[in-house]
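Novice: This is entry.cif (mmCIF, C-alpha atoms and all ligand atoms).
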```
data_work
#
loop_
_atom_site.group_PDB
_atom_site.id
_atom_site.type_symbol
_atom_site.label_atom_id
_atom_site.label_comp_id
_atom_site.auth_asym_id
_atom_site.auth_seq_id
_atom_site.Cartn_x
_atom_site.Cartn_y
_atom_site.Cartn_z
ATOM 1 C CA MET A 30 32.320 -15.886 -35.390
ATOM 2 C CA ARG A 31 35.026 -14.942 -32.934
ATOM 3 C CA PHE A 32 34.096 -11.282 -33.335
ATOM 4 C CA LEU A 33 30.402 -11.827 -33.101
ATOM 5 C CA ILE A 34 30.370 -13.169 -29.592
ATOM 6 C CA PRO A 35 31.935 -10.148 -27.855
ATOM 7 C CA LEU A 36 29.755 -7.838 -29.945
ATOM 8 C CA PHE A 37 26.636 -9.672 -28.911
ATOM 9 C CA LEU A 38 27.681 -9.490 -25.276
ATOM 10 C CA LEU A 39 28.327 -5.787 -25.585
ATOM 11 C CA VAL A 40 24.918 -5.128 -27.117
ATOM 12 C CA ASN A 41 23.324 -7.242 -24.433
ATOM 13 C CA PHE A 42 25.140 -5.266 -21.771
ATOM 14 C CA VAL A 43 24.165 -1.874 -23.153
ATOM 15 C CA TYR A 44 20.488 -2.764 -23.381
ATOM 16 C CA ALA A 45 20.299 -4.796 -20.181
ATOM 17 C CA LYS A 46 17.469 -3.634 -17.989
ATOM 18 C CA THR A 47 17.549 -3.581 -14.227
ATOM 19 C CA ASN A 48 15.381 -6.458 -12.994
ATOM 20 C CA ILE A 49 13.248 -5.460 -10.049
ATOM 21 C CA VAL A 50 10.789 -7.397 -7.915
ATOM 22 C CA VAL A 51 8.205 -5.682 -5.697
ATOM 23 C CA SER A 52 5.558 -7.057 -3.332
ATOM 24 C CA ILE A 53 2.394 -5.386 -4.622
ATOM 25 C CA LEU A 54 1.090 -3.887 -7.881
ATOM 26 C CA PRO A 55 1.071 -0.169 -6.947
ATOM 27 C CA GLN A 56 4.792 -0.469 -6.193
ATOM 28 C CA GLN A 57 5.282 -1.805 -9.714
ATOM 29 C CA THR A 58 3.575 1.320 -11.044
ATOM 30 C CA PHE A 59 5.839 3.581 -8.961
ATOM 31 C CA VAL A 60 9.055 1.870 -10.092
ATOM 32 C CA GLU A 61 7.953 1.895 -13.735
ATOM 33 C CA LYS A 62 7.115 5.618 -13.524
ATOM 34 C CA ILE A 63 10.737 6.376 -12.667
ATOM 35 C CA GLY A 64 12.562 3.458 -14.291
ATOM 36 C CA GLY A 65 10.647 3.663 -17.577
ATOM 37 C CA ASP A 66 12.093 1.359 -20.237
ATOM 38 C CA LYS A 67 15.300 0.824 -18.270
ATOM 39 C CA VAL A 68 13.629 -1.510 -15.788
ATOM 40 C CA ASN A 69 11.784 -4.802 -15.752
ATOM 41 C CA VAL A 70 9.377 -4.917 -12.818
ATOM 42 C CA VAL A 71 7.463 -7.900 -11.470
ATOM 43 C CA SER A 72 5.002 -7.911 -8.575
ATOM 44 C CA MET A 73 4.926 -10.925 -6.260
ATOM 45 C CA VAL A 74 1.272 -10.443 -5.292
ATOM 46 C CA THR A 75 -0.658 -10.928 -8.511
ATOM 47 C CA PRO A 76 -3.893 -9.095 -9.455
ATOM 48 C CA GLY A 77 -6.874 -10.113 -7.309
ATOM 49 C CA SER A 78 -4.748 -11.775 -4.610
ATOM 50 C CA ASN A 79 -4.820 -10.778 -0.945
ATOM 51 C CA PRO A 80 -1.353 -9.548 0.104
ATOM 52 C CA HIS A 81 -2.031 -10.350 3.771
ATOM 53 C CA SER A 82 -2.327 -14.067 3.154
ATOM 54 C CA TYR A 83 -0.066 -14.293 0.121
ATOM 55 C CA GLU A 84 2.233 -17.249 -0.505
ATOM 56 C CA PRO A 85 4.613 -16.792 -3.433
ATOM 57 C CA LYS A 86 4.314 -19.589 -5.981
ATOM 58 C CA ALA A 87 7.278 -21.775 -6.975
ATOM 59 C CA SER A 88 6.999 -20.417 -10.520
ATOM 60 C CA GLN A 89 7.639 -16.902 -9.218
ATOM 61 C CA MET A 90 11.070 -17.894 -7.957
ATOM 62 C CA ILE A 91 12.378 -17.429 -11.487
ATOM 63 C CA HIS A 92 11.828 -13.668 -11.100
ATOM 64 C CA ILE A 93 13.701 -13.742 -7.818
ATOM 65 C CA SER A 94 16.642 -15.581 -9.327
ATOM 66 C CA LYS A 95 16.964 -12.931 -12.081
ATOM 67 C CA ALA A 96 16.355 -9.848 -9.935
ATOM 68 C CA ASP A 97 18.877 -7.135 -9.095
ATOM 69 C CA ILE A 98 16.661 -5.429 -6.520
ATOM 70 C CA TYR A 99 13.743 -6.349 -4.262
ATOM 71 C CA PHE A 100 11.672 -3.542 -2.772
ATOM 72 C CA PRO A 101 9.792 -4.789 0.319
ATOM 73 C CA ILE A 102 6.858 -2.653 1.500
ATOM 74 C CA GLY A 103 6.031 -4.259 4.859
ATOM 75 C CA PHE A 104 3.463 -6.994 4.274
ATOM 76 C CA GLY A 105 3.416 -10.073 6.511
ATOM 77 C CA PHE A 106 4.528 -12.535 3.847
ATOM 78 C CA GLU A 107 7.801 -10.644 3.508
ATOM 79 C CA ASP A 108 8.727 -11.644 7.079
ATOM 80 C CA THR A 109 8.832 -15.299 6.095
ATOM 81 C CA TRP A 110 9.799 -15.053 2.457
ATOM 82 C CA LEU A 111 12.557 -12.457 2.203
ATOM 83 C CA ASN A 112 15.066 -14.877 3.731
ATOM 84 C CA LYS A 113 14.128 -17.529 1.204
ATOM 85 C CA PHE A 114 14.445 -14.979 -1.605
ATOM 86 C CA ALA A 115 17.873 -13.935 -0.324
ATOM 87 C CA ASN A 116 19.019 -17.562 -0.332
ATOM 88 C CA GLN A 117 17.756 -17.986 -3.860
ATOM 89 C CA ASN A 118 19.654 -14.952 -5.146
ATOM 90 C CA LYS A 119 22.627 -13.793 -3.116
ATOM 91 C CA ASN A 120 23.281 -10.835 -5.442
ATOM 92 C CA MET A 121 19.848 -9.299 -5.065
ATOM 93 C CA LYS A 122 19.711 -6.085 -3.012
ATOM 94 C CA PHE A 123 16.814 -5.533 -0.604
ATOM 95 C CA ILE A 124 15.770 -1.913 -0.309
ATOM 96 C CA LYS A 125 12.813 -0.848 1.827
ATOM 97 C CA MET A 126 10.569 1.275 -0.342
ATOM 98 C CA THR A 127 9.036 2.839 2.779
ATOM 99 C CA LYS A 128 12.296 4.156 4.257
ATOM 100 C CA ASP A 129 11.500 7.506 5.989
ATOM 101 C CA VAL A 130 7.746 6.934 5.745
ATOM 102 C CA GLN A 131 6.059 7.580 9.085
ATOM 103 C CA ARG A 132 4.046 4.508 9.994
ATOM 104 C CA ILE A 133 0.730 4.746 11.748
ATOM 105 C CA MET A 134 -0.259 2.105 14.217
ATOM 106 C CA MET A 135 -3.570 0.335 14.006
ATOM 107 C CA LYS A 136 -5.273 -1.459 16.828
ATOM 108 C CA LYS A 137 -5.286 -5.200 16.325
ATOM 109 C CA HIS A 138 -8.610 -5.559 18.068
ATOM 110 C CA ASN A 139 -11.895 -4.188 17.006
ATOM 111 C CA HIS A 140 -12.353 -0.756 18.500
ATOM 112 C CA HIS A 141 -15.929 0.098 17.794
ATOM 113 C CA HIS A 142 -16.639 0.752 21.443
ATOM 114 C CA GLU A 143 -14.166 3.593 21.571
ATOM 115 C CA GLY A 144 -14.157 7.090 20.173
ATOM 116 C CA HIS A 145 -12.396 7.033 16.854
ATOM 117 C CA LYS A 146 -11.102 10.543 17.269
ATOM 118 C CA GLU A 147 -9.455 9.572 20.511
ATOM 119 C CA HIS A 148 -7.898 6.649 18.769
ATOM 120 C CA ASP A 149 -6.603 8.878 16.014
ATOM 121 C CA GLU A 150 -4.873 11.080 18.524
ATOM 122 C CA ASN A 151 -3.400 8.093 20.281
ATOM 123 C CA LYS A 152 -1.899 6.962 17.022
ATOM 124 C CA LYS A 153 0.463 9.917 17.006
ATOM 125 C CA ASP A 154 2.250 8.528 20.040
ATOM 126 C CA HIS A 155 2.798 5.311 18.231
ATOM 127 C CA GLU A 156 4.142 6.661 15.003
ATOM 128 C CA HIS A 157 7.593 5.533 14.090
ATOM 129 C CA ASN A 158 9.658 4.375 11.179
ATOM 130 C CA GLU A 159 11.284 1.076 11.821
ATOM 131 C CA HIS A 160 9.699 -2.218 12.597
ATOM 132 C CA HIS A 161 12.109 -3.177 15.384
ATOM 133 C CA GLU A 162 11.269 -0.066 17.393
ATOM 134 C CA HIS A 163 7.831 -1.499 17.748
ATOM 135 C CA GLU A 164 9.159 -4.363 19.856
ATOM 136 C CA GLU A 165 10.001 -1.847 22.561
ATOM 137 C CA HIS A 166 6.401 -0.818 23.028
ATOM 138 C CA THR A 167 4.767 -2.402 26.016
ATOM 139 C CA ASP A 168 1.481 -2.570 24.150
ATOM 140 C CA LYS A 169 2.803 -4.511 21.212
ATOM 141 C CA ALA A 170 0.007 -7.038 21.452
ATOM 142 C CA GLU A 171 -2.503 -4.215 21.014
ATOM 143 C CA TYR A 172 -1.042 -2.394 18.039
ATOM 144 C CA LYS A 173 0.487 -3.299 14.736
ATOM 145 C CA GLU A 174 1.918 -1.209 11.935
ATOM 146 C CA ASP A 175 -0.532 -0.315 9.234
ATOM 147 C CA PRO A 176 1.127 -1.594 6.023
ATOM 148 C CA HIS A 177 -1.132 0.324 3.566
ATOM 149 C CA THR A 178 1.278 3.252 3.251
ATOM 150 C CA TRP A 179 0.749 3.867 -0.472
ATOM 151 C CA THR A 180 -2.806 5.180 -0.088
ATOM 152 C CA SER A 181 -1.195 8.494 0.948
ATOM 153 C CA PRO A 182 0.234 10.687 -1.838
ATOM 154 C CA LYS A 183 2.578 12.193 0.748
ATOM 155 C CA ASN A 184 4.027 8.749 1.429
ATOM 156 C CA VAL A 185 4.269 7.874 -2.252
ATOM 157 C CA LYS A 186 6.375 10.986 -2.751
ATOM 158 C CA ILE A 187 8.860 9.634 -0.194
ATOM 159 C CA MET A 188 8.815 6.243 -1.928
ATOM 160 C CA ALA A 189 9.479 7.914 -5.293
ATOM 161 C CA LYS A 190 12.547 9.563 -3.812
ATOM 162 C CA ASN A 191 13.783 6.205 -2.489
ATOM 163 C CA ILE A 192 13.235 4.512 -5.862
ATOM 164 C CA TYR A 193 15.013 7.305 -7.716
ATOM 165 C CA ALA A 194 18.030 7.136 -5.382
ATOM 166 C CA VAL A 195 18.367 3.378 -5.876
ATOM 167 C CA LEU A 196 18.028 3.473 -9.664
ATOM 168 C CA VAL A 197 20.713 6.147 -9.925
ATOM 169 C CA GLN A 198 22.918 4.081 -7.672
ATOM 170 C CA VAL A 199 22.668 0.915 -9.791
ATOM 171 C CA ASP A 200 22.628 2.664 -13.176
ATOM 172 C CA SER A 201 24.260 6.079 -12.866
ATOM 173 C CA SER A 202 24.720 6.422 -16.646
ATOM 174 C CA ASN A 203 20.980 7.053 -16.965
ATOM 175 C CA LYS A 204 20.738 9.547 -14.122
ATOM 176 C CA GLU A 205 19.229 12.310 -16.301
ATOM 177 C CA TYR A 206 16.575 9.951 -17.590
ATOM 178 C CA TYR A 207 15.569 8.868 -14.070
ATOM 179 C CA LEU A 208 15.624 12.431 -12.783
ATOM 180 C CA ASN A 209 13.295 13.582 -15.526
ATOM 181 C CA ASN A 210 10.884 10.696 -14.844
ATOM 182 C CA TYR A 211 11.108 11.301 -11.110
ATOM 183 C CA ASN A 212 10.199 14.976 -11.518
ATOM 184 C CA ASN A 213 7.252 14.067 -13.738
ATOM 185 C CA PHE A 214 6.031 11.541 -11.214
ATOM 186 C CA VAL A 215 6.331 13.977 -8.289
ATOM 187 C CA ASN A 216 4.296 16.406 -10.360
ATOM 188 C CA GLU A 217 1.649 13.733 -10.938
ATOM 189 C CA ILE A 218 1.549 12.944 -7.194
ATOM 190 C CA ASN A 219 1.076 16.639 -6.365
ATOM 191 C CA GLN A 220 -1.730 16.930 -8.909
ATOM 192 C CA THR A 221 -3.401 13.832 -7.477
ATOM 193 C CA ASP A 222 -3.219 15.262 -3.966
ATOM 194 C CA LYS A 223 -4.622 18.587 -5.145
ATOM 195 C CA LYS A 224 -7.571 16.936 -6.907
ATOM 196 C CA ILE A 225 -8.398 14.800 -3.866
ATOM 197 C CA LYS A 226 -8.301 17.849 -1.580
ATOM 198 C CA GLU A 227 -10.725 19.627 -3.918
ATOM 199 C CA ILE A 228 -13.073 16.645 -3.883
ATOM 200 C CA PHE A 229 -13.156 16.536 -0.083
ATOM 201 C CA THR A 230 -14.043 20.201 0.278
ATOM 202 C CA LYS A 231 -17.581 18.917 -0.491
ATOM 203 C CA ILE A 232 -17.857 16.948 2.766
ATOM 204 C CA PRO A 233 -17.306 17.945 6.425
ATOM 205 C CA LYS A 234 -14.032 17.343 8.221
ATOM 206 C CA ASN A 235 -13.810 13.975 10.042
ATOM 207 C CA SER A 236 -16.452 12.382 7.807
ATOM 208 C CA LYS A 237 -16.662 8.648 8.353
ATOM 209 C CA PHE A 238 -16.543 6.008 5.697
ATOM 210 C CA MET A 239 -17.103 2.313 6.306
ATOM 211 C CA VAL A 240 -14.738 -0.297 4.880
ATOM 212 C CA PHE A 241 -14.594 -4.030 5.259
ATOM 213 C CA HIS A 242 -10.781 -4.163 5.277
ATOM 214 C CA PRO A 243 -8.990 -1.160 6.859
ATOM 215 C CA ALA A 244 -6.724 -0.360 3.912
ATOM 216 C CA TRP A 245 -7.315 3.398 3.882
ATOM 217 C CA GLY A 246 -5.780 4.565 7.163
ATOM 218 C CA TYR A 247 -3.084 6.781 5.610
ATOM 219 C CA PHE A 248 -5.518 8.172 3.073
ATOM 220 C CA ALA A 249 -7.964 8.984 5.895
ATOM 221 C CA LYS A 250 -5.216 10.665 7.898
ATOM 222 C CA ASP A 251 -4.099 12.828 4.954
ATOM 223 C CA TYR A 252 -7.604 14.056 4.163
ATOM 224 C CA ASN A 253 -9.143 14.314 7.649
ATOM 225 C CA LEU A 254 -11.495 11.387 7.273
ATOM 226 C CA ILE A 255 -12.259 8.572 9.664
ATOM 227 C CA GLN A 256 -12.085 4.988 8.485
ATOM 228 C CA PHE A 257 -14.666 2.734 10.117
ATOM 229 C CA PRO A 258 -13.537 -0.890 9.670
ATOM 230 C CA VAL A 259 -15.638 -4.047 9.791
ATOM 231 C CA GLU A 260 -12.904 -6.664 9.726
ATOM 232 C CA VAL A 261 -11.522 -7.829 13.076
ATOM 233 C CA GLU A 262 -7.894 -9.005 13.062
ATOM 234 C CA GLY A 263 -8.117 -9.943 9.426
ATOM 235 C CA LYS A 264 -11.305 -11.942 9.857
ATOM 236 C CA GLU A 265 -15.047 -11.530 9.411
ATOM 237 C CA PRO A 266 -16.555 -10.252 12.699
ATOM 238 C CA LYS A 267 -18.429 -12.671 14.963
ATOM 239 C CA PRO A 268 -22.253 -12.198 15.008
ATOM 240 C CA LYS A 269 -22.215 -10.268 18.298
ATOM 241 C CA ILE A 270 -19.622 -7.772 17.047
ATOM 242 C CA LEU A 271 -21.393 -7.563 13.699
ATOM 243 C CA LYS A 272 -24.542 -6.483 15.546
ATOM 244 C CA GLU A 273 -22.589 -3.760 17.345
ATOM 245 C CA ILE A 274 -21.092 -2.572 14.064
ATOM 246 C CA ILE A 275 -24.570 -2.348 12.532
ATOM 247 C CA GLU A 276 -25.807 -0.326 15.518
ATOM 248 C CA GLU A 277 -22.907 2.093 15.268
ATOM 249 C CA ALA A 278 -23.265 2.432 11.505
ATOM 250 C CA LYS A 279 -26.920 3.328 12.037
ATOM 251 C CA LYS A 280 -25.984 5.941 14.616
ATOM 252 C CA GLU A 281 -23.313 7.382 12.334
ATOM 253 C CA ASN A 282 -25.698 7.488 9.396
ATOM 254 C CA ILE A 283 -23.283 5.503 7.205
ATOM 255 C CA LYS A 284 -24.491 5.515 3.583
ATOM 256 C CA ALA A 285 -22.240 2.938 1.925
ATOM 257 C CA ILE A 286 -19.812 0.195 2.737
ATOM 258 C CA PHE A 287 -16.614 -0.309 0.799
ATOM 259 C CA THR A 288 -15.276 -3.765 0.073
ATOM 260 C CA GLN A 289 -12.458 -5.002 -2.116
ATOM 261 C CA SER A 290 -12.430 -7.984 -4.421
ATOM 262 C CA GLU A 291 -9.370 -9.414 -2.668
ATOM 263 C CA PHE A 292 -11.558 -10.175 0.376
ATOM 264 C CA SER A 293 -14.875 -11.874 1.072
ATOM 265 C CA ASP A 294 -17.747 -9.411 1.335
ATOM 266 C CA LYS A 295 -20.106 -11.696 3.252
ATOM 267 C CA SER A 296 -20.393 -9.590 6.403
ATOM 268 C CA ALA A 297 -20.369 -6.371 4.392
ATOM 269 C CA LYS A 298 -23.472 -7.653 2.591
ATOM 270 C CA VAL A 299 -25.141 -8.505 5.899
ATOM 271 C CA ILE A 300 -24.525 -4.949 7.128
ATOM 272 C CA ALA A 301 -25.634 -3.402 3.851
ATOM 273 C CA ASP A 302 -28.864 -5.459 3.800
ATOM 274 C CA GLU A 303 -29.621 -4.535 7.379
ATOM 275 C CA LEU A 304 -29.039 -0.806 6.823
ATOM 276 C CA LYS A 305 -30.306 -0.748 3.233
ATOM 277 C CA ILE A 306 -27.085 0.841 2.032
ATOM 278 C CA LYS A 307 -24.847 0.154 -0.940
ATOM 279 C CA VAL A 308 -21.842 -2.171 -1.112
ATOM 280 C CA ILE A 309 -19.169 -0.536 -3.253
ATOM 281 C CA LYS A 310 -16.126 -2.445 -4.464
ATOM 282 C CA GLU A 311 -12.877 -0.475 -4.438
ATOM 283 C CA THR A 312 -9.312 -1.700 -4.204
ATOM 284 C CA PRO A 313 -6.172 0.019 -2.962
ATOM 285 C CA LEU A 314 -4.137 -2.408 -5.094
ATOM 286 C CA ALA A 315 -4.944 -0.987 -8.548
ATOM 287 C CA THR A 316 -2.083 -0.360 -10.964
ATOM 288 C CA ASN A 317 -3.486 3.018 -12.069
ATOM 289 C CA TRP A 318 -2.646 4.482 -8.679
ATOM 290 C CA SER A 319 -3.447 8.144 -9.312
ATOM 291 C CA GLN A 320 -6.791 7.667 -11.091
ATOM 292 C CA ASN A 321 -7.772 5.043 -8.550
ATOM 293 C CA LEU A 322 -7.202 7.341 -5.542
ATOM 294 C CA ILE A 323 -9.156 10.139 -7.222
ATOM 295 C CA HIS A 324 -11.936 7.703 -8.053
ATOM 296 C CA VAL A 325 -12.090 6.449 -4.452
ATOM 297 C CA ALA A 326 -12.146 10.041 -3.172
ATOM 298 C CA ASN A 327 -15.101 10.809 -5.442
ATOM 299 C CA THR A 328 -16.925 7.672 -4.340
ATOM 300 C CA ILE A 329 -16.443 8.502 -0.644
ATOM 301 C CA ALA A 330 -17.485 12.131 -1.157
ATOM 302 C CA ASN A 331 -20.606 11.148 -3.100
ATOM 303 C CA ASN A 332 -21.676 8.615 -0.486
ATOM 304 C CA ASN A 333 -21.286 10.784 2.580
HETATM 305 ZN ZN ZN B 401 -4.646 -4.736 3.353
#
```
What's the structure tokens form of this structure?
Specialist:
Amino acid sequence: MRFLIPLFLLVNFVYAKTNIVVSILPQQTFVEKIGGDKVNVVSMVTPGSNPHSYEPKASQMIHISKADIYFPIGFGFEDTWLNKFANQNKNMKFIKMTKDVQRIMMKKHNHHHEGHKEHDENKKDHEHNEHHEHEEHTDKAEYKEDPHTWTSPKNVKIMAKNIYAVLVQVDSSNKEYYLNNYNNFVNEINQTDKKIKEIFTKIPKNSKFMVFHPAWGYFAKDYNLIQFPVEVEGKEPKPKILKEIIEEAKKENIKAIFTQSEFSDKSAKVIADELKIKVIKETPLATNWSQNLIHVANTIANNN
């Protein structure tokens, strides 16, 4: 017996996986792509839940207490919860998955009265990396960082690099393994980007697509599209605004409206009924990230 205990510990040590917690499901996919069978990844926001209004459940604290790493991505709930997570597990490292990703700013208020192109150009002035820099802007009430960074393959490539660097740091003995997975994933991201570009050669530059929740800002920026949102500050628009949105959608000859199952589609249905257009459910939170982006690209292209 005396020999068995150290042996068991040794075996346990050799096969121990790195326990990782992420905020949303696509992040889980990214970490698993690179970490493979050397990592255990859990997403705080569970399938079908809205990450903007998410409250971690008490039962999820068990994942926090076992985790080696937490990768925040910049959703609101992290502001309140990361401190609590840190108190729960003092050994857990927090590493921003979006380090070096250029953030775009989105207007907090509905901007249907303004030219969207103008707005797009304005955004460039507001691009920056770190959250705290935002405090220095005089117009901080007007703009907020768009957290939906992972809808851009370009951004996901940066995230992959960050994940790879961290995994090598915590488990250098498997560096070759991670490097190989990382290269494969970068290849997959490039292929995804290439396919999406091909799909959008079918439609004119600056084509508009209408979404209930503005989750596709980075995607739109990458592929020269314009996202036309319905939601106002995270809420269904008031009747007066809804009327204006319908008028503009008519003028723009919008052919479909995209909703996601994580949100109510009440006002989207009102708009769709009024304009006799389709409501199409798509989510940016799917685990099959690559196929999902290609699928969304096809849906946008076919409904433009
Ligand atoms: Zn969102």
Novice: As an exercise, work out the distance from CA of Gly64 in chain A to CA of Tyr207 in chain A in Å and give it to one decimal place.
Specialist: 6.2 Å
Novice: Could you give me the residues within 12 Å of ligand ZN 401 (chain B), counting all atoms listed in the file, as a VMD selection string?
Specialist: chain A and resid 53 74 78 to 83 102 to 105 135 174 to 180 240 to 247 258 260 262 to 264 288 to 292 312 to 314
Novice: Spell out the residues picked by the PyMOL selection byres (((chain A and resi 256) around 12) and not hetatm) here, as number ranges by chain.
Specialist: A: 135, 140-141, 145-146, 148-149, 235-255, 257-260, 278, 283, 286-287, 329
Novice: What does the distance between CA of Lys204 in chain A and CA of Met73 in chain A come to in Å, to one decimal place?
Specialist: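 Computing the Euclidean distance for CA of Lys204 in chain A and CA of Met73 in chain A yields 27.0 Å.
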Novice: Considering only C-alpha atoms, return as a ChimeraX atom specification whatever protein or nucleic-acid residues lie within 12 Å of Met126 in chain A, sequence-local ones (same chain, fewer than 6 positions apart) excluded.
Specialist: /A:50-53,55-57,59-60,98-104,158,176,178-179,184-195
Novice: Would you mind listing what lies within 7 Å of Ile49 in chain A as a count of residues only, with all atoms listed in the file counted and same-chain residues fewer than 5 positions away left out?
Specialist: 8
Novice: Between A:Lys295, A:Glu171, A:Glu276, A:Leu54, which one has atoms that come closest to Pro76 in chain A, using all atoms listed in the file?
Specialist: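 Among the listed residues, the smallest separation from Pro76 in chain A belongs to A:Leu54.
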Novice: What's the separation between CA of Lys226 in chain A and CA of Ala326 in chain A, in Å to one decimal place?
Specialist: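 Separating CA of Lys226 in chain A from CA of Ala326 in chain A is a distance of 8.8 Å.
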Novice: Calculated over all atoms listed in the file, which of the candidates A:Lys46, A:Lys113, A:Lys95, A:Lys280 has the smallest distance to Gly65 in chain A?
Specialist: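 With all atoms listed in the file as the atom set, the closest residue is A:Lys46.
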Novice: Pick the closest to Ser319 in chain A from A:Pro182, A:Pro85, A:Pro233, A:Gly77: which is it, counting all atoms listed in the file?
Specialist: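 Closest to Ser319 in chain A, using all atoms listed in the file: A:Pro182.
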Novice: Which residue gives the smallest distance to Val261 in chain A among A:Leu208, A:Lys136, A:Asp222, A:Trp318, with all atoms listed in the file counted?
Specialist: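 The answer is A:Lys136, which sits nearest to Val261 in chain A.
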Novice: Pick out the residues sitting within 8 Å of Ile225 in chain A, and hand them over as a ChimeraX atom specification; count all atoms listed in the file, and ignore anything fewer than 3 positions along from it in its own chain.
Specialist: /A:221-222,228-229,322-323,326-327
Novice: As AutoDock Vina command-line options, please report the centre and edge lengths, rounded to one decimal in Å, of the axis-aligned box that holds all listed atoms of range 198-201 of chain A with 4 Å of padding on each of the six sides.
Specialist:
```
--center_x 23.4 --center_y 3.5 --center_z -10.4 --size_x 9.6 --size_y 13.2 --size_z 13.5
```
